[in-house]
Amino acid sequence: MSATRVDGYGWSLGAATLNFSWDGTRYQGREGDTLASALLVNNVGPIGRSFKYHRPRGITSAGVEESGALVTVGQGDRRDPNVRATTQTLYEGLQAYGQNAWPNVRYDAGAINNVMGRFFAAGFYYKTFFGLPPFDTGSGTGVWMKYESLIRKAAGMGSASTAPDPDHYEHAHGFCDVLVVGSGPAGRRAASVAVQSGLNVWLVEQDSAFGGTDLSATDNRQQLIGQSIAELEAAGVTLLKRTTAFGLYDNAVAGLLERVTDHEADPSPWLPRQRFWTVRATRIILATGALERGYAFAHNDRPGVMTPSAAATYLNRYGVLAGQTICIGTNNDSAYRTATDLAKAGAVVTLLDARTRLQHPQLSDAAKAAGVNVRLRSLPGKALGRCSVTGVKTAVLAGREWRAQSRIACDALLVSGGWSPVVHLLSHRGVRPVWNETLQAFLPGETSEPISVCGSAAGYWSEQQCLDSGEAAAHDAVDAMAGVTGTATISVPLGWDNPIAPLYALNIDTRSGQTKAFVDLQHDVTSSDIALAHREGFVSVEHMKRYTTLGMANDQGKNGNVIGLALLADALGTAIDSVGTTTFRPPYTPVAIGALAGPHKGSHFRPLRRTPLHAWNLAAGGTLIEAGLWQRPWYFKQTNESLEETYSREARVTRQRVGLCDVTSLGKIAVQGPDAAEFLDRVYTNPFKTLQPGRARYGIMLRDDGMVFDDGTTWCLSPTDYFMTTTTAHAGAVLQRLEELLQVRWPELRVHVSSVTDQWAGVSVAGPLARQVLEQCVADAETVSDAALPFMGVIDTELQHAIPARIARISFSGELGYEVYTPSGFGPEMMTQLWTEAQAVGGCLYGLEALNTLRIEKGHVTGAELDGNITLQDAGLGNMGASSKAYVGSVLKDRPELRREDRPSLVGLSPVNTSERFNAGSLLYAPDKVGGHPIGWVTGVTFSPQYDHWIGIGYIEGGATAWPTTDIVCTDPIRGAQTTVRVSTAHRYDPEGARVRG
Amino acid sequence: MIKIDCPFCGVRDHSEFSYGGDGSIEWPALDASASDWVTAVYERDNIRGKQWETWHHLYGCRQWLLVERDTLTHEIHTVKLAHSGCGQLSR
Ligand SMILES: [Zn+2]
């Protein structure tokens with residue numbers, strides 16, 4: 001191939017020269033070039049290696065449908081694989097690399113696969129590795145395991161960087177009356193008409209420039225495009241280029257990807273690399289154009305084979321003449337104009353047309369006048385040359401048979417098998433395209449959604465019809481927005497002056513099977529693969545597609561799908577429309593994962609919740625840990641302490657003296673109204689109507705199916721005002737559930753619920769000296785005396801400096817304990833008061849880790865135990881289920897299966913050898929049957945300063961009484977640990993509860 | 001993207017809402033028979049076409065809504081408040 005820059009062409013080129021590198025070698029291109037046009041004019045040789053066979057590949061198109069020139073752009077953490085060189089704008093310093101080749105795309109050791117080709121035909125992997133893992137796990141000899149890494153290395157595209165993506169991405173939202181996709185003649189006309197009618201219009205274009213086919217036109221239309229865009233802008237159209245509408249969704253919502261800085265050498269650091277738009281339109285007009293396809297013939301994948309329209313684009317837009325001696329094969333009229341252009345630009349052009357005669361010879365005559373050698377009944381039958389095209393073996397139509405004829409030397413081979421309208425976006429809406437036999441193309445089907453299709457996307461090939469259809473689509477939109485029935489009419493697509501001749505594959509090679517004719521270049525799917533799939537019974541298009549992997553690569557079948565369908569139809573002896581079509585799904589072109597994630601990464605992945613005591617906890621030396629969305633104190637380390645030493649000290653000091661812990665994150669819900677007590681009585685398993693003002697009660701909620709949902713204490717402030725606390729984890733779900741019950745099921749109850757979690761700061765004060773500390777902090781010490789505030793009592797009172805406080809005497813630790821709440825803003829002051837007094841009596845601050853130690857010693861359940869599969873009985877809380885009333889879940893919790901004695905129930909666990917530790921998540925087995933389904937599991941472990949060894953809590957079949965003296969095997973297969981444990985009651989510390997009443 | 005016309009908040013994206021479940025369930029009394037409860041909790045029709053669903057406007061007015069949605073097309077035909085006491089309220 002010997003491409004050259006031609007003076008007087010290249011409407012898009014600027015003056016500047018740009019330096020770039022390809023596989024480490026420096027080259028030069030021009031401002032306005034794409035990477036593809038710059039590689040083409042530099043005649044760099046093969047640009048890619050194919051997926052399976054490692055065949056050399058070159059540039060096949062000038063757009064998003066590119067199948068050959070997939071390259072890697074950038075280095076290090078900005079390495080971007082599988083970039084289509086045809087859509088990558090060239091910039092100063094761009095670094096691009098070939099991929100799927102070793103040592104490089106010119107000399108690729110993997111090309112041996114090409115010789116071994118018959119081993120890699122459709123279904124090779126299925127057949128070779130059938131009966132072996134991973135296709136049939138549990139049997140086989142590991143052959144797959146052995147070859148997997150080799151196969152994965154040999155077959156593939158580029159490799160992504162494994163480093164974190166250093167770029168940032170933005171999410172944006174847009175709203176408009178009409179979204180027009182595509183800025184070719186039809187799209188611009190539609191936008192213009194719509195905006196003149198007073199609608200709010202967006203026009204988006206995936207290319208780096210507006211204009212669509214006008215950019216590649218024979219005559220220079222830069223001024224015309226510029227003028228029409230300026231007019232649209234002046235009229236108020238929102239214009240986005242480098243922006244792909246990659247998907248359409250319900251209710252005229254479109255997903256757009258705007259490539260903000262991918263074309264820039266030195267992007268501004270405060271610009272996002274890409275912007276992900278969600279656009280909510282009222283109407284959508286698709287002017288997405290059509291893609292030219294080739295046909296399958298021997299070696300049609302050789303570098304130098306491309307579509308005529310691509311060659312026209314390279315010449316007219318980029319000023320690059322693809323070759324000096326050019327052969328064109330076509331079955332339709334569109335290639336004639338290109339042939340004329342190329343000849344006028346200085347190439348020697350031979351055009352082979354499959355058709356036997358042309359009724360309207362104007363285009364042909366013009367081509368001939370420009371010096372094109374036109375031959376009818378002829379086609380390229382086989383591409384010659386290895387790493388680039390050196391010629392073609394022609395085929396000639398003799399009767400109904402194509403026969404090999406002669407050789408023509410050429411350095412570029414352009415083939416057109418027709419045009420495929422871009423119906424992808426409509427297909428995203430589940431609208432099946434309809435086969436048009438006259439046009440040999442799938443046209444958009446009918447839809448009841450507010451979407452219109454115009455231009456060549458609707459099968460209009462002539463410019464006038466494109467403009468007319470764009471106008472009609474806009475009038476449709478205007479009428480629909482005004483609520484009137486559309487009056488716009490548009491004629492049927494007229495096609496070419498000379499009808500297209502069906503052409504999908506050509507086989508003139510007598511040694512059939514030796515040469516490959518590609519249907520899908522990207523996945524190396526050949527015409528014989530389709531035939532093989534058919535022979536083996538894959539006669540449904542969906543099966544054929546999966547068996548051969550046709551259309552499953554980067555281009556998602558933009559080129560090969562129609563050809564594959566036609567070949568399958570041929571094999572089945574039926575028409576294309578009865579074979580059906582495959583469904584295109586979003587995205588139309590690849591979308592970077594980073595763009596989908598947008599700003600939601602790292603610490604912005606989800607919202608962060610800080611308690612009002614956050615700064616206080618940090619200043620006090622606390623280390624914080626994530627608990628759901630919350631940041632909670634984990635432990636308060638003193639010098640040289642390990643984590644285990646720290647929480648052991650905190651737990652010990654709390655048991656012996658007093659400890660303070662930030663418990664703000666507990667869910668808090670105000671339950672108010674005349675029927676509040678009745679409501680709570682239905683929601684909780686135990687009675688609540690009897691709860692008196694000034695008293696709190698522990699309660700458990702079940703789901704409708706009888707499983708435990710959540711637990712917490714509810715404080716009665718007055719007969720119409722209750723303060724409910726929930727677990728941190730379920731705070732949101734409980735509120736949502738209460739709202740559902742009140743609104744959907746029991747609208748008769750006059751109750752209002754609202755979250756007050758953020759309104760209150762809470763501190764747990766626990767330990768034998770807790771009351772002593774509290775007495776110093778409240779305005780009147782008498783309010784917290786044992787008589788005034790007994791166990792489960794609640795008071796509203798004041799701390800020092802008139803800080804309002806709400807105190808309940810409740811305990812999670814098993815010690816004398818209080819939960820003290822103040823309005824959030826007073827939180828730090830409350831903590832300072834409490835800490836001053838606690839410090840004076842040798843108390844400590846404690847975090848989640850010690851909280852866990854205390855509750856495991858005590859046998860209190862929390863999130864890990866209440867995992868949604870647990871009944872009251874399982875959790876050892878059977879006595880919490882009142883028999884005197886009905887409540888949510890009361891009926892289904894008594895299903896026989898849930899009442900079985902041998903269900904796993906809550907137990908305490910201790911290692912037989914007390915110097916050993918074990919892990920949460922371990923599985924429990926009886927000693928005579930280790931392996932398989934376990935009899936229990938461990939939900940939590942801690943080192944217990946109280947017992948001076950590791951203890952755990954978990955579930956085991958039948959509970960503690962079923963295994964009184966058995967040595968249970970506790971295994972942790974993931975971390976490779978095994979310990980022998982004994983089971984006991986979970987409630988091992990102060991089971992009578994004397995300490996909380998102290 | 002599904003859009004739901006909340007009687008309080010107007011047309012909003014479905015990402016503001018949380019799907020509840022089958023909106024056609026007649027919830028039995030709390031002390032009804034086990035078989036009534038099994039029917040209500042577990043027995044669901046797998047409808048192709050219009051069905052009633054409950055949706056919660058979680059990041060909005062926090063009202064539970066009854067939504068008549070076509071499972072095939074995602075088209076939403078009716079939206080009303082689940083709470084019967086607010087039935088007369090309209091925008
Ligand atoms: Zn709402």
# chains A, B, ... in the order shown; residues from 1 in each chain; ligands from 1

call {"tool": "interface_residues", "arguments": {"of": "chain B", "to": "chain A", "cutoff": "8 Å", "atoms": "only C-alpha atoms", "output": "compact mmCIF listing (two decimals) with N, CA, C and O atoms, in the first residue's frame"}}
result
# COMPACT_ATOMS: atom_id res chain seq x y z
N MET B 1 -35.36 4.57 31.28
CA MET B 1 -35.60 4.89 32.69
C MET B 1 -37.09 5.04 32.94
O MET B 1 -37.76 5.79 32.23
N ILE B 2 -37.57 4.33 33.92
CA ILE B 2 -38.98 4.46 34.27
C ILE B 2 -39.18 5.80 34.98
O ILE B 2 -38.36 6.21 35.78
N LYS B 3 -40.26 6.46 34.65
CA LYS B 3 -40.60 7.68 35.37
C LYS B 3 -41.96 7.48 36.04
O LYS B 3 -42.86 6.90 35.45
N TRP B 27 -53.95 -8.04 52.36
CA TRP B 27 -53.24 -8.53 53.55
C TRP B 27 -54.23 -9.09 54.56
O TRP B 27 -55.19 -8.42 54.92
N LEU B 30 -53.84 -9.94 61.26
CA LEU B 30 -52.64 -10.47 61.89
C LEU B 30 -52.88 -11.85 62.49
O LEU B 30 -51.96 -12.66 62.58
N ASP B 31 -54.13 -12.12 62.88
CA ASP B 31 -54.40 -13.44 63.48
C ASP B 31 -55.10 -14.37 62.50
O ASP B 31 -55.72 -15.35 62.91
N ALA B 32 -55.02 -14.07 61.21
CA ALA B 32 -55.65 -14.95 60.21
C ALA B 32 -54.94 -16.30 60.18
O ALA B 32 -53.90 -16.49 60.81
N SER B 33 -55.48 -17.21 59.39
CA SER B 33 -54.92 -18.57 59.38
C SER B 33 -53.56 -18.59 58.67
O SER B 33 -53.24 -17.70 57.88
N ALA B 34 -52.81 -19.63 58.99
CA ALA B 34 -51.50 -19.77 58.36
C ALA B 34 -51.63 -19.86 56.85
O ALA B 34 -50.81 -19.32 56.11
N TRP B 37 -51.95 -16.52 55.34
CA TRP B 37 -50.68 -15.80 55.35
C TRP B 37 -49.70 -16.36 54.33
O TRP B 37 -48.95 -15.61 53.70
N VAL B 38 -49.70 -17.68 54.16
CA VAL B 38 -48.83 -18.27 53.15
C VAL B 38 -49.21 -17.75 51.77
O VAL B 38 -48.36 -17.37 50.96
N VAL B 41 -48.04 -14.06 51.52
CA VAL B 41 -46.60 -13.81 51.53
C VAL B 41 -45.89 -14.47 50.34
O VAL B 41 -44.96 -13.91 49.78
N LEU B 58 -38.92 7.09 48.17
CA LEU B 58 -37.92 7.09 49.23
C LEU B 58 -37.20 8.43 49.32
O LEU B 58 -37.06 9.01 50.39
N ARG B 62 -41.72 10.36 50.57
CA ARG B 62 -41.77 9.15 51.40
C ARG B 62 -43.17 8.54 51.48
O ARG B 62 -43.50 7.82 52.41
N GLN B 63 -43.97 8.80 50.46
CA GLN B 63 -45.28 8.15 50.42
C GLN B 63 -45.19 6.84 49.66
O GLN B 63 -44.45 6.72 48.69
N TRP B 64 -45.94 5.87 50.13
CA TRP B 64 -46.08 4.61 49.40
C TRP B 64 -47.16 4.78 48.34
O TRP B 64 -48.22 5.33 48.62
N HIS B 74 -42.93 -1.65 30.52
CA HIS B 74 -42.59 -0.69 31.58
C HIS B 74 -43.51 0.53 31.57
O HIS B 74 -43.28 1.48 32.29
N ALA B 82 -51.09 4.96 48.21
CA ALA B 82 -51.54 3.71 48.80
C ALA B 82 -52.46 3.99 49.97
O ALA B 82 -53.39 3.24 50.25
N HIS B 83 -52.22 5.08 50.69
CA HIS B 83 -53.02 5.39 51.88
C HIS B 83 -54.41 5.85 51.45
O HIS B 83 -54.55 6.89 50.80
N SER B 84 -55.41 5.06 51.80
CA SER B 84 -56.77 5.36 51.34
C SER B 84 -57.25 6.70 51.87
O SER B 84 -58.03 7.38 51.22
N GLY B 85 -56.76 7.10 53.03
CA GLY B 85 -57.20 8.36 53.62
C GLY B 85 -56.80 9.57 52.80
O GLY B 85 -57.36 10.65 52.96

call {"tool": "residues_near_ligand", "arguments": {"ligand": "ligand 1", "cutoff": "9 Å", "atoms": "only C-alpha atoms and all ligand atoms", "output": "NGL selection string"}}
result
:B and (5-12 or 16-17 or 56-65)

call {"tool": "residues_around", "arguments": {"residues": "Arg655 of chain A", "least_positions_apart": "5", "cutoff": "12 Å", "atoms": "only C-alpha atoms", "output": "number ranges by chain"}}
result
A: 648-650, 660, 765-770, 813-817, 842-844, 846, 850-851, 853-855, 857-858, 944-946, 989-990, 995-996

call {"tool": "atom_distance", "arguments": {"atom1": "atom CA of Gln95 of chain A", "atom2": "atom CA of Ser161 of chain A"}}
result
14.9 Å

call {"tool": "residues_around", "arguments": {"residues": "segment 537-546 of chain A", "least_positions_apart": "5", "cutoff": "8 Å", "atoms": "only C-alpha atoms", "output": "list in words"}}
result
Ile530, Gly551, Met552, Leu565, Leu568, Leu572, Val579, Gly580, Thr581 and Thr582 of chain A

call {"tool": "select_by_dssp", "arguments": {"residues": "chain B", "states": "strand (DSSP E)", "output": "PyMOL selection string"}}
result
chain B and resi 3-6+10-13+18-22+50-56+64-70+76-81

call {"tool": "write_last_selection", "arguments": {"atoms": "N, CA, C and O atoms", "output": "tab-separated table (two decimals), in the first residue's frame"}}
result
chain	number	residue	atom	x	y	z
B	3	LYS	N	-40.26	6.46	34.65
B	3	LYS	CA	-40.60	7.68	35.37
B	3	LYS	C	-41.96	7.48	36.04
B	3	LYS	O	-42.86	6.90	35.45
B	4	ILE	N	-42.06	7.95	37.26
B	4	ILE	CA	-43.30	7.76	38.02
B	4	ILE	C	-43.86	9.14	38.37
B	4	ILE	O	-43.15	10.00	38.88
B	5	ASP	N	-45.14	9.31	38.07
B	5	ASP	CA	-45.80	10.58	38.33
B	5	ASP	C	-46.35	10.56	39.75
B	5	ASP	O	-47.49	10.17	40.00
B	6	CYS	N	-45.53	10.98	40.70
B	6	CYS	CA	-45.92	10.97	42.11
B	6	CYS	C	-47.02	12.00	42.34
B	6	CYS	O	-46.89	13.14	41.91
B	10	GLY	N	-44.85	15.07	41.45
B	10	GLY	CA	-44.79	15.16	40.00
B	10	GLY	C	-43.96	14.03	39.40
B	10	GLY	O	-43.65	13.06	40.07
B	11	VAL	N	-43.61	14.18	38.11
B	11	VAL	CA	-42.89	13.12	37.40
B	11	VAL	C	-41.45	13.07	37.87
B	11	VAL	O	-40.73	14.07	37.79
B	12	ARG	N	-41.05	11.93	38.40
B	12	ARG	CA	-39.68	11.77	38.91
B	12	ARG	C	-39.10	10.46	38.39
B	12	ARG	O	-39.83	9.51	38.10
B	13	ASP	N	-37.75	10.40	38.31
B	13	ASP	CA	-37.06	9.18	37.88
B	13	ASP	C	-37.28	8.05	38.88
B	13	ASP	O	-37.37	8.29	40.07
B	18	SER	N	-38.26	3.34	45.64
B	18	SER	CA	-37.86	2.00	46.01
B	18	SER	C	-39.05	1.09	45.71
B	18	SER	O	-40.19	1.39	46.08
B	19	TYR	N	-38.77	-0.01	45.01
B	19	TYR	CA	-39.84	-0.93	44.65
B	19	TYR	C	-40.27	-1.69	45.89
B	19	TYR	O	-39.44	-2.18	46.65
B	20	GLY	N	-41.57	-1.76	46.11
B	20	GLY	CA	-42.06	-2.51	47.27
B	20	GLY	C	-42.37	-3.94	46.88
B	20	GLY	O	-41.58	-4.85	47.12
B	21	GLY	N	-43.48	-4.15	46.22
B	21	GLY	CA	-43.84	-5.51	45.82
B	21	GLY	C	-45.20	-5.51	45.17
B	21	GLY	O	-45.65	-4.49	44.64
B	22	ASP	N	-45.83	-6.65	45.22
B	22	ASP	CA	-47.15	-6.84	44.63
B	22	ASP	C	-48.15	-5.92	45.32
B	22	ASP	O	-48.33	-5.99	46.54
B	50	LYS	N	-50.18	-5.73	32.55
B	50	LYS	CA	-50.42	-4.76	33.62
B	50	LYS	C	-50.47	-5.43	34.98
B	50	LYS	O	-51.14	-6.44	35.14
B	51	GLN	N	-49.80	-4.85	35.93
B	51	GLN	CA	-49.94	-5.33	37.30
B	51	GLN	C	-49.83	-4.17	38.28
B	51	GLN	O	-49.20	-3.15	38.00
B	52	TRP	N	-50.44	-4.35	39.44
B	52	TRP	CA	-50.35	-3.34	40.49
B	52	TRP	C	-49.14	-3.61	41.35
B	52	TRP	O	-48.90	-4.75	41.75
B	53	GLU	N	-48.40	-2.55	41.62
B	53	GLU	CA	-47.20	-2.67	42.42
B	53	GLU	C	-47.18	-1.57	43.48
B	53	GLU	O	-47.77	-0.52	43.28
B	54	THR	N	-46.46	-1.81	44.56
B	54	THR	CA	-46.23	-0.71	45.49
B	54	THR	C	-44.83	-0.17	45.26
B	54	THR	O	-43.88	-0.91	45.02
B	55	TRP	N	-44.73	1.15	45.28
B	55	TRP	CA	-43.44	1.84	45.17
B	55	TRP	C	-43.39	2.87	46.29
B	55	TRP	O	-44.41	3.49	46.62
B	56	HIS	N	-42.23	3.07	46.82
B	56	HIS	CA	-42.07	4.03	47.92
B	56	HIS	C	-41.25	5.21	47.41
B	56	HIS	O	-40.16	5.00	46.87
B	64	TRP	N	-45.94	5.87	50.13
B	64	TRP	CA	-46.08	4.61	49.40
B	64	TRP	C	-47.16	4.78	48.34
B	64	TRP	O	-48.22	5.33	48.62
B	65	LEU	N	-46.83	4.34	47.13
B	65	LEU	CA	-47.73	4.54	46.01
B	65	LEU	C	-48.18	3.20	45.45
B	65	LEU	O	-47.46	2.21	45.53
B	66	LEU	N	-49.38	3.21	44.90
B	66	LEU	CA	-49.84	2.05	44.12
B	66	LEU	C	-49.66	2.42	42.65
B	66	LEU	O	-50.18	3.44	42.19
B	67	VAL	N	-48.90	1.60	41.96
B	67	VAL	CA	-48.53	1.90	40.59
B	67	VAL	C	-48.99	0.76	39.70
B	67	VAL	O	-48.69	-0.40	39.98
B	68	GLU	N	-49.72	1.09	38.66
B	68	GLU	CA	-50.14	0.08	37.69
B	68	GLU	C	-49.15	0.13	36.52
B	68	GLU	O	-49.11	1.11	35.78
B	69	ARG	N	-48.35	-0.91	36.41
B	69	ARG	CA	-47.25	-0.92	35.46
B	69	ARG	C	-47.36	-2.13	34.54
B	69	ARG	O	-47.80	-3.19	34.96
B	70	ASP	N	-46.98	-1.94	33.29
B	70	ASP	CA	-46.95	-3.05	32.35
B	70	ASP	C	-45.57	-3.70	32.43
B	70	ASP	O	-44.55	-3.06	32.16
B	76	ILE	N	-46.36	2.92	32.51
B	76	ILE	CA	-47.09	3.10	33.76
B	76	ILE	C	-48.43	3.73	33.46
B	76	ILE	O	-48.52	4.77	32.80
B	77	HIS	N	-49.50	3.05	33.89
B	77	HIS	CA	-50.84	3.49	33.53
B	77	HIS	C	-51.50	4.32	34.63
B	77	HIS	O	-52.23	5.26	34.34
B	78	THR	N	-51.29	3.95	35.87
B	78	THR	CA	-51.95	4.65	36.97
B	78	THR	C	-50.98	4.78	38.14
B	78	THR	O	-50.22	3.86	38.41
B	79	VAL	N	-51.03	5.92	38.80
B	79	VAL	CA	-50.28	6.08	40.05
B	79	VAL	C	-51.22	6.71	41.07
B	79	VAL	O	-51.86	7.72	40.78
B	80	LYS	N	-51.33	6.08	42.22
B	80	LYS	CA	-52.13	6.72	43.29
B	80	LYS	C	-51.51	6.43	44.63
B	80	LYS	O	-50.69	5.52	44.77
B	81	LEU	N	-51.91	7.20	45.62
B	81	LEU	CA	-51.39	6.98	46.95
B	81	LEU	C	-51.93	5.68	47.50
B	81	LEU	O	-53.11	5.35	47.32
